[in-house]
Amino acid sequence: MWKKIIFFILVVLFLLLVQFSFLANFQTLITRLNLLLVALVILVSVVDFSWSLALILAGGLIMDIYSNLPFGLFSLTLLVTGVALEALMLNFFTNRSLYSFIFLGFSATAIYYLTFGALVGLSYLIGLTDFLLTKDFGKIIGFEFLSTALILALFFIIIDNLSTRFKTNFISQ
Amino acid sequence: MKRIIKLATIALVLILFLSALHYLGWLNPIESLLVRVFSPAQAMLYSASQGAGSFYDSWVRRRDLLAENNQLRDWLEQYQTDYSKIISLEQENQLLKQELNFIEEQQLKAVSAKIITGVSDPLSRSVVINRGSVDGLVKGLAVVSDRGILVGKIHEVNDYFSKVLLLTDNNSKVAATIQNTDQTAGLVEGQFGLSFSMTNIPQDQQIKNGDLVVTSGLEGNIPKNLLIARIESVNQVENEIFKTAVLSPVISFDNLSYVLVLTP
């Protein structure tokens with residue numbers, strides 16, 4: 001159990017550091033990958049919700065520390081996204097096919113950025129932050145819809161072909 | 001589903017509790033500890049991204065080199081035939097040389113800092129440096145490159161790290177002066193994280209492309225005459241009270257590794 005937890009923490013840290021210490025510095029659209037959101041979709045799909053919650057709290061805390069936005073904004077955004085994805089999984093995505101996996105990725109990006117936009121707008125209105133969404137932000141979201149779905153599809157195909165561990169979770173369609 | 005709601009409620013309370021601790025400052029030691037623990041790995045990744053970025057840039061720019069070379073030859077011929085422009089370049093050169101030894105000449109106090117990472121949010125153009133309030137940093141201090149060129153301002157200070165808002169950020173505003181005969185004052189503002197411009201320039205002021213823009217010293221924590229940029233073009237609309245100048249940075253903000261924070 002402890003090995004799993006340490007491995008999990010290291011993976012979360014690695015994803016976050018790669019995301020905003022490496023990829024984000026290129027200032028190009030193609031490197032705007034939301035690896036934490038991808039990890040959240042995968043966790044919601046294959047393991048118990050408590051692991052997703054651990055990712056939300058650990059990832060959210062680190063994102064908030066390194067953010068210029070009000071503290072807690074990323075944690076709340078991830079929490080709302082995680083709960084919504086779990087509700088979608090329980091009620092609509094009992095069939096874990098490639099298509100449902102990709103659609104879950106689209107839903108995750110939409111919920112994440114709707115919540116993020118709403119919280120940023122709210123904090124701007126009540127004077128907690130000076131930062132507001134710019135026109136470039138639309139491009140970032142558009143690209144992330146595609147990149148998140150693409151990474152999830154690749155993950156599904158690789159795991160489905162190479163490992164038998166998740167066969168109970170996935171069906172090849 | 002009831003279990004999910006119960007877990008989510010606990011998480012929500014925990015997030016609100018952590019946020020309250022953050023704003024009370026009680027989370028500060030933990031935040032500092034985390035940043036200090038992560039900073040070696042982050043600095044390594046940041047350097048790696050710079051290296052990869054340079055490689056990519058050189059590869060992309062190679063195809064434009066011939067055209068650019070021809071353009072530069074044309075410019076050189078132009079400069080050779082225009083004596084007044086050579087004089088202007090000499091003055092510019094003199095100023096840049098002065099900037100080179102700016103810190104020593106101005107007898108300013110400076111704290112050297114290493115950029116450890118960018119920030120996690122996609123809305124701002126900032127970097128995180130490895131110096132904080134224990135090193136005497138406070139919000140609003142000027143951050144300059146090793147050649148004394150202003151690159152941003154301290155936006156947020158923690159014990160052992162600080163966030164620097166770069167001049168190109170949309171929310172960045174710095175009081176500035178153009179080095180022309182009128183010493184025209186204005187405001188240097190960031191433009192969508194990509195470039196910056198000088199606004200609030202009265203219409204009657206004579207400014208031209210190539211003029212240098214320096215800090216005005218009107219902001220308490222930012223010394224006077226720090227080089228910011230040079231004017232690339234001037235946007236003038238009749239019937240407007242002010243005109244705007246598009247600025248061209250003197251150095252690239254993407255390749256910064258070390259900076260100096262000017263302390264009072």
# chains A, B, ... in the order shown; residues from 1 in each chain; ligands from 1
>>> interface_residues(of="chain A", to="chain B", cutoff="6 Å", atoms="only C-alpha atoms", output="list in words")
Phe20, Ser21, Phe22, Met63, Tyr66, Ser67, Phe71 and Gly72 of chain A
>>> select_by_dssp(residues="region 8-242 of chain B", states="strand (DSSP E)", output="short mmCIF file (atom, residue, chain, number, x, y, z; two decimals) with N, CA, C and O atoms, in the first residue's frame")
data_model
loop_
_atom_site.label_atom_id
_atom_site.label_comp_id
_atom_site.auth_asym_id
_atom_site.auth_seq_id
_atom_site.Cartn_x
_atom_site.Cartn_y
_atom_site.Cartn_z
N LYS B 109 21.80 48.51 -4.69
CA LYS B 109 21.91 47.23 -4.00
C LYS B 109 21.10 46.22 -4.80
O LYS B 109 19.98 46.52 -5.21
N ALA B 110 21.69 45.07 -5.01
CA ALA B 110 20.97 44.07 -5.80
C ALA B 110 21.12 42.69 -5.18
O ALA B 110 22.15 42.38 -4.58
N VAL B 111 20.07 41.90 -5.32
CA VAL B 111 20.11 40.52 -4.87
C VAL B 111 20.06 39.65 -6.12
O VAL B 111 19.15 39.77 -6.93
N SER B 112 21.05 38.77 -6.26
CA SER B 112 21.08 37.89 -7.42
C SER B 112 20.11 36.73 -7.19
O SER B 112 20.05 36.18 -6.10
N ALA B 113 19.33 36.39 -8.22
CA ALA B 113 18.33 35.32 -8.06
C ALA B 113 18.32 34.42 -9.27
O ALA B 113 18.62 34.85 -10.39
N LYS B 114 17.99 33.16 -9.02
CA LYS B 114 17.91 32.18 -10.11
C LYS B 114 16.44 31.93 -10.42
O LYS B 114 15.63 31.78 -9.50
N ILE B 115 16.10 31.88 -11.70
CA ILE B 115 14.73 31.55 -12.09
C ILE B 115 14.57 30.04 -11.98
O ILE B 115 15.32 29.29 -12.60
N ILE B 116 13.61 29.62 -11.13
CA ILE B 116 13.47 28.17 -10.95
C ILE B 116 12.35 27.58 -11.80
O ILE B 116 12.41 26.42 -12.16
N THR B 117 11.36 28.34 -12.15
CA THR B 117 10.29 27.81 -12.99
C THR B 117 9.38 28.94 -13.47
O THR B 117 9.50 30.08 -13.02
N GLY B 118 8.46 28.58 -14.36
CA GLY B 118 7.38 29.50 -14.70
C GLY B 118 6.27 29.33 -13.67
O GLY B 118 6.46 28.64 -12.67
N SER B 126 4.70 35.01 -15.93
CA SER B 126 5.53 35.23 -14.76
C SER B 126 6.56 34.12 -14.61
O SER B 126 6.44 33.08 -15.24
N VAL B 127 7.54 34.38 -13.74
CA VAL B 127 8.50 33.33 -13.38
C VAL B 127 8.64 33.32 -11.87
O VAL B 127 8.31 34.29 -11.19
N VAL B 128 9.13 32.20 -11.34
CA VAL B 128 9.38 32.08 -9.90
C VAL B 128 10.88 32.12 -9.69
O VAL B 128 11.63 31.41 -10.37
N ILE B 129 11.34 32.97 -8.75
CA ILE B 129 12.78 33.06 -8.45
C ILE B 129 13.05 32.52 -7.05
O ILE B 129 12.14 32.46 -6.21
N ALA B 142 12.11 46.23 -8.53
CA ALA B 142 12.46 46.05 -9.94
C ALA B 142 13.32 44.80 -10.11
O ALA B 142 14.20 44.53 -9.29
N VAL B 143 13.04 44.05 -11.17
CA VAL B 143 13.86 42.88 -11.50
C VAL B 143 14.53 43.15 -12.84
O VAL B 143 13.86 43.49 -13.81
N VAL B 144 15.86 43.06 -12.85
CA VAL B 144 16.60 43.40 -14.07
C VAL B 144 17.44 42.23 -14.51
O VAL B 144 17.74 41.31 -13.73
N LEU B 150 15.47 46.26 -17.40
CA LEU B 150 14.29 45.89 -16.62
C LEU B 150 13.52 44.76 -17.31
O LEU B 150 13.21 44.85 -18.50
N VAL B 151 13.22 43.70 -16.54
CA VAL B 151 12.44 42.59 -17.12
C VAL B 151 11.10 42.41 -16.42
O VAL B 151 10.20 41.78 -16.96
N GLY B 152 10.94 42.95 -15.23
CA GLY B 152 9.65 42.80 -14.56
C GLY B 152 9.69 43.37 -13.15
O GLY B 152 10.64 44.05 -12.77
N LYS B 153 8.62 43.07 -12.41
CA LYS B 153 8.51 43.55 -11.04
C LYS B 153 8.15 42.37 -10.12
O LYS B 153 7.48 41.44 -10.56
N ILE B 154 8.55 42.46 -8.87
CA ILE B 154 8.17 41.43 -7.90
C ILE B 154 6.66 41.55 -7.67
O ILE B 154 6.15 42.62 -7.33
N HIS B 155 5.95 40.45 -7.88
CA HIS B 155 4.49 40.46 -7.79
C HIS B 155 3.99 39.86 -6.48
O HIS B 155 3.00 40.31 -5.91
N GLU B 156 4.67 38.83 -6.01
CA GLU B 156 4.26 38.16 -4.78
C GLU B 156 5.51 37.63 -4.09
O GLU B 156 6.41 37.10 -4.74
N VAL B 157 5.58 37.80 -2.76
CA VAL B 157 6.78 37.38 -2.03
C VAL B 157 6.42 36.33 -0.99
O VAL B 157 5.46 36.48 -0.24
N SER B 162 9.86 34.04 -4.73
CA SER B 162 8.99 35.17 -5.13
C SER B 162 8.52 34.95 -6.56
O SER B 162 9.19 34.27 -7.33
N LYS B 163 7.37 35.56 -6.87
CA LYS B 163 6.88 35.49 -8.24
C LYS B 163 7.14 36.85 -8.92
O LYS B 163 6.84 37.89 -8.34
N VAL B 164 7.70 36.79 -10.12
CA VAL B 164 8.03 38.02 -10.85
C VAL B 164 7.08 38.15 -12.04
O VAL B 164 6.99 37.25 -12.86
N LEU B 165 6.37 39.26 -12.08
CA LEU B 165 5.48 39.53 -13.21
C LEU B 165 6.32 40.17 -14.32
O LEU B 165 6.87 41.26 -14.12
N LEU B 166 6.44 39.49 -15.45
CA LEU B 166 7.28 40.01 -16.53
C LEU B 166 6.60 41.19 -17.23
O LEU B 166 5.37 41.32 -17.19
N LYS B 173 2.41 47.08 -15.55
CA LYS B 173 2.41 48.52 -15.86
C LYS B 173 3.62 49.16 -15.17
O LYS B 173 3.79 48.99 -13.97
N VAL B 174 4.44 49.88 -15.93
CA VAL B 174 5.62 50.53 -15.36
C VAL B 174 5.68 51.96 -15.87
O VAL B 174 5.56 52.20 -17.08
N ALA B 175 5.89 52.92 -14.96
CA ALA B 175 6.03 54.32 -15.36
C ALA B 175 7.37 54.49 -16.08
O ALA B 175 8.40 54.05 -15.57
N ALA B 176 7.34 55.10 -17.27
CA ALA B 176 8.56 55.16 -18.07
C ALA B 176 8.73 56.52 -18.73
O ALA B 176 7.81 57.34 -18.76
N THR B 177 9.95 56.75 -19.24
CA THR B 177 10.28 57.99 -19.93
C THR B 177 11.00 57.63 -21.23
O THR B 177 11.79 56.69 -21.24
N ILE B 178 10.70 58.40 -22.29
CA ILE B 178 11.43 58.18 -23.55
C ILE B 178 12.64 59.11 -23.54
O ILE B 178 12.54 60.28 -23.15
N ALA B 185 6.99 61.30 -20.92
CA ALA B 185 6.59 60.29 -19.93
C ALA B 185 5.42 59.46 -20.44
O ALA B 185 4.65 59.92 -21.29
N GLY B 186 5.30 58.26 -19.97
CA GLY B 186 4.20 57.38 -20.36
C GLY B 186 4.18 56.14 -19.49
O GLY B 186 4.81 56.10 -18.43
N LEU B 187 3.42 55.16 -19.95
CA LEU B 187 3.24 53.94 -19.17
C LEU B 187 3.57 52.74 -20.07
O LEU B 187 3.00 52.60 -21.15
N VAL B 188 4.49 51.89 -19.62
CA VAL B 188 4.81 50.69 -20.40
C VAL B 188 3.89 49.56 -19.94
O VAL B 188 3.86 49.21 -18.76
N GLU B 189 3.09 49.03 -20.87
CA GLU B 189 2.12 47.99 -20.52
C GLU B 189 2.36 46.73 -21.34
O GLU B 189 2.73 46.80 -22.51
N GLY B 190 2.13 45.58 -20.71
CA GLY B 190 2.30 44.29 -21.40
C GLY B 190 1.19 44.06 -22.40
O GLY B 190 0.09 44.59 -22.27
N GLN B 191 1.49 43.26 -23.42
CA GLN B 191 0.52 42.98 -24.48
C GLN B 191 0.37 41.47 -24.64
O GLN B 191 1.12 40.83 -25.36
N SER B 195 4.43 40.91 -26.13
CA SER B 195 5.28 42.08 -26.29
C SER B 195 4.78 43.15 -25.32
O SER B 195 3.98 42.86 -24.45
N PHE B 196 5.25 44.37 -25.49
CA PHE B 196 4.73 45.46 -24.66
C PHE B 196 4.72 46.76 -25.44
O PHE B 196 5.38 46.88 -26.47
N SER B 197 3.94 47.71 -24.93
CA SER B 197 3.84 48.99 -25.62
C SER B 197 3.84 50.12 -24.61
O SER B 197 3.62 49.90 -23.42
N MET B 198 4.08 51.33 -25.11
CA MET B 198 4.06 52.50 -24.22
C MET B 198 2.81 53.31 -24.54
O MET B 198 2.58 53.69 -25.69
N THR B 199 2.00 53.53 -23.52
CA THR B 199 0.74 54.24 -23.71
C THR B 199 0.80 55.60 -23.00
O THR B 199 1.80 55.93 -22.36
N ASN B 200 -0.31 56.34 -23.11
CA ASN B 200 -0.44 57.65 -22.45
C ASN B 200 0.63 58.66 -22.90
O ASN B 200 1.10 59.46 -22.11
N ILE B 201 1.02 58.58 -24.18
CA ILE B 201 2.00 59.55 -24.71
C ILE B 201 1.21 60.70 -25.33
O ILE B 201 0.44 60.49 -26.28
N PRO B 202 1.37 61.91 -24.84
CA PRO B 202 0.63 63.04 -25.41
C PRO B 202 0.93 63.20 -26.90
O PRO B 202 2.05 62.96 -27.34
N LEU B 212 15.02 55.22 -27.13
CA LEU B 212 15.10 54.29 -26.01
C LEU B 212 14.09 54.67 -24.91
O LEU B 212 13.83 55.85 -24.67
N VAL B 213 13.54 53.65 -24.27
CA VAL B 213 12.57 53.87 -23.19
C VAL B 213 13.20 53.38 -21.89
O VAL B 213 13.72 52.27 -21.82
N VAL B 214 13.19 54.26 -20.88
CA VAL B 214 13.78 53.91 -19.58
C VAL B 214 12.77 54.16 -18.47
O VAL B 214 11.74 54.81 -18.69
N THR B 215 13.03 53.64 -17.29
CA THR B 215 12.11 53.87 -16.17
C THR B 215 12.17 55.34 -15.75
O THR B 215 13.22 55.97 -15.81
N LEU B 227 17.03 50.76 -18.38
CA LEU B 227 16.62 50.56 -19.77
C LEU B 227 15.49 49.53 -19.84
O LEU B 227 15.55 48.48 -19.20
N ILE B 228 14.44 49.84 -20.61
CA ILE B 228 13.31 48.92 -20.75
C ILE B 228 13.28 48.34 -22.17
O ILE B 228 13.29 47.13 -22.36
N ALA B 229 13.25 49.23 -23.17
CA ALA B 229 13.12 48.76 -24.56
C ALA B 229 13.40 49.93 -25.50
O ALA B 229 13.73 51.03 -25.05
N ARG B 230 13.29 49.65 -26.80
CA ARG B 230 13.37 50.76 -27.76
C ARG B 230 12.08 50.78 -28.59
O ARG B 230 11.39 49.76 -28.70
N ILE B 231 11.76 51.97 -29.11
CA ILE B 231 10.50 52.12 -29.85
C ILE B 231 10.62 51.47 -31.22
O ILE B 231 11.57 51.72 -31.96
N GLU B 232 9.63 50.63 -31.53
CA GLU B 232 9.63 49.94 -32.82
C GLU B 232 8.76 50.69 -33.83
O GLU B 232 9.12 50.84 -34.98
N SER B 233 7.58 51.13 -33.37
CA SER B 233 6.70 51.91 -34.25
C SER B 233 5.78 52.77 -33.39
O SER B 233 5.60 52.49 -32.20
N VAL B 234 5.19 53.78 -34.00
CA VAL B 234 4.30 54.68 -33.27
C VAL B 234 2.91 54.64 -33.89
O VAL B 234 2.77 54.78 -35.10
N ASN B 235 1.91 54.38 -33.06
CA ASN B 235 0.52 54.38 -33.53
C ASN B 235 -0.14 55.70 -33.14
O ASN B 235 -0.34 55.96 -31.97
N PHE B 242 -4.04 60.73 -26.62
CA PHE B 242 -2.73 60.10 -26.49
C PHE B 242 -2.39 59.22 -27.69
O PHE B 242 -3.29 58.75 -28.38
#
>>> closest_residue(among="A:Ile42, A:Leu55, A:Leu146, A:Ile111", to="Leu13 (chain A)", atoms="only C-alpha atoms")
A:Leu55
>>> atom_distance(atom1="CA of Asp204 (chain B)", atom2="CA of Ser172 (chain B)")
25.7 Å
>>> residues_around(residues="Ala58 (chain A)", least_positions_apart="2", cutoff="9 Å", atoms="only C-alpha atoms", output="PDB file with C-alpha atoms, in the first residue's frame")
ATOM      1  CA  ILE A   9       2.851  10.956  -5.228  1.00  0.00           C
ATOM      2  CA  VAL A  12       1.725  13.410  -9.626  1.00  0.00           C
ATOM      3  CA  LEU A  13       4.825  15.500  -8.882  1.00  0.00           C
ATOM      4  CA  LEU A  53      -9.428  12.850  -4.571  1.00  0.00           C
ATOM      5  CA  ALA A  54      -5.803  12.394  -3.500  1.00  0.00           C
ATOM      6  CA  LEU A  55      -4.694  13.612  -6.941  1.00  0.00           C
ATOM      7  CA  ILE A  56      -7.067  16.578  -6.709  1.00  0.00           C
ATOM      8  CA  GLY A  60      -4.386  21.301  -6.630  1.00  0.00           C
ATOM      9  CA  LEU A  61      -2.191  22.363  -3.690  1.00  0.00           C
ATOM     10  CA  ILE A  62       0.957  22.467  -5.825  1.00  0.00           C
ATOM     11  CA  MET A  63      -0.809  24.228  -8.708  1.00  0.00           C
ATOM     12  CA  SER A  75      -8.013  22.821  -6.111  1.00  0.00           C
TER      13      SER A  75
END
>>> atom_distance(atom1="CA of Leu108 (chain B)", atom2="CA of Thr263 (chain B)")
7.5 Å
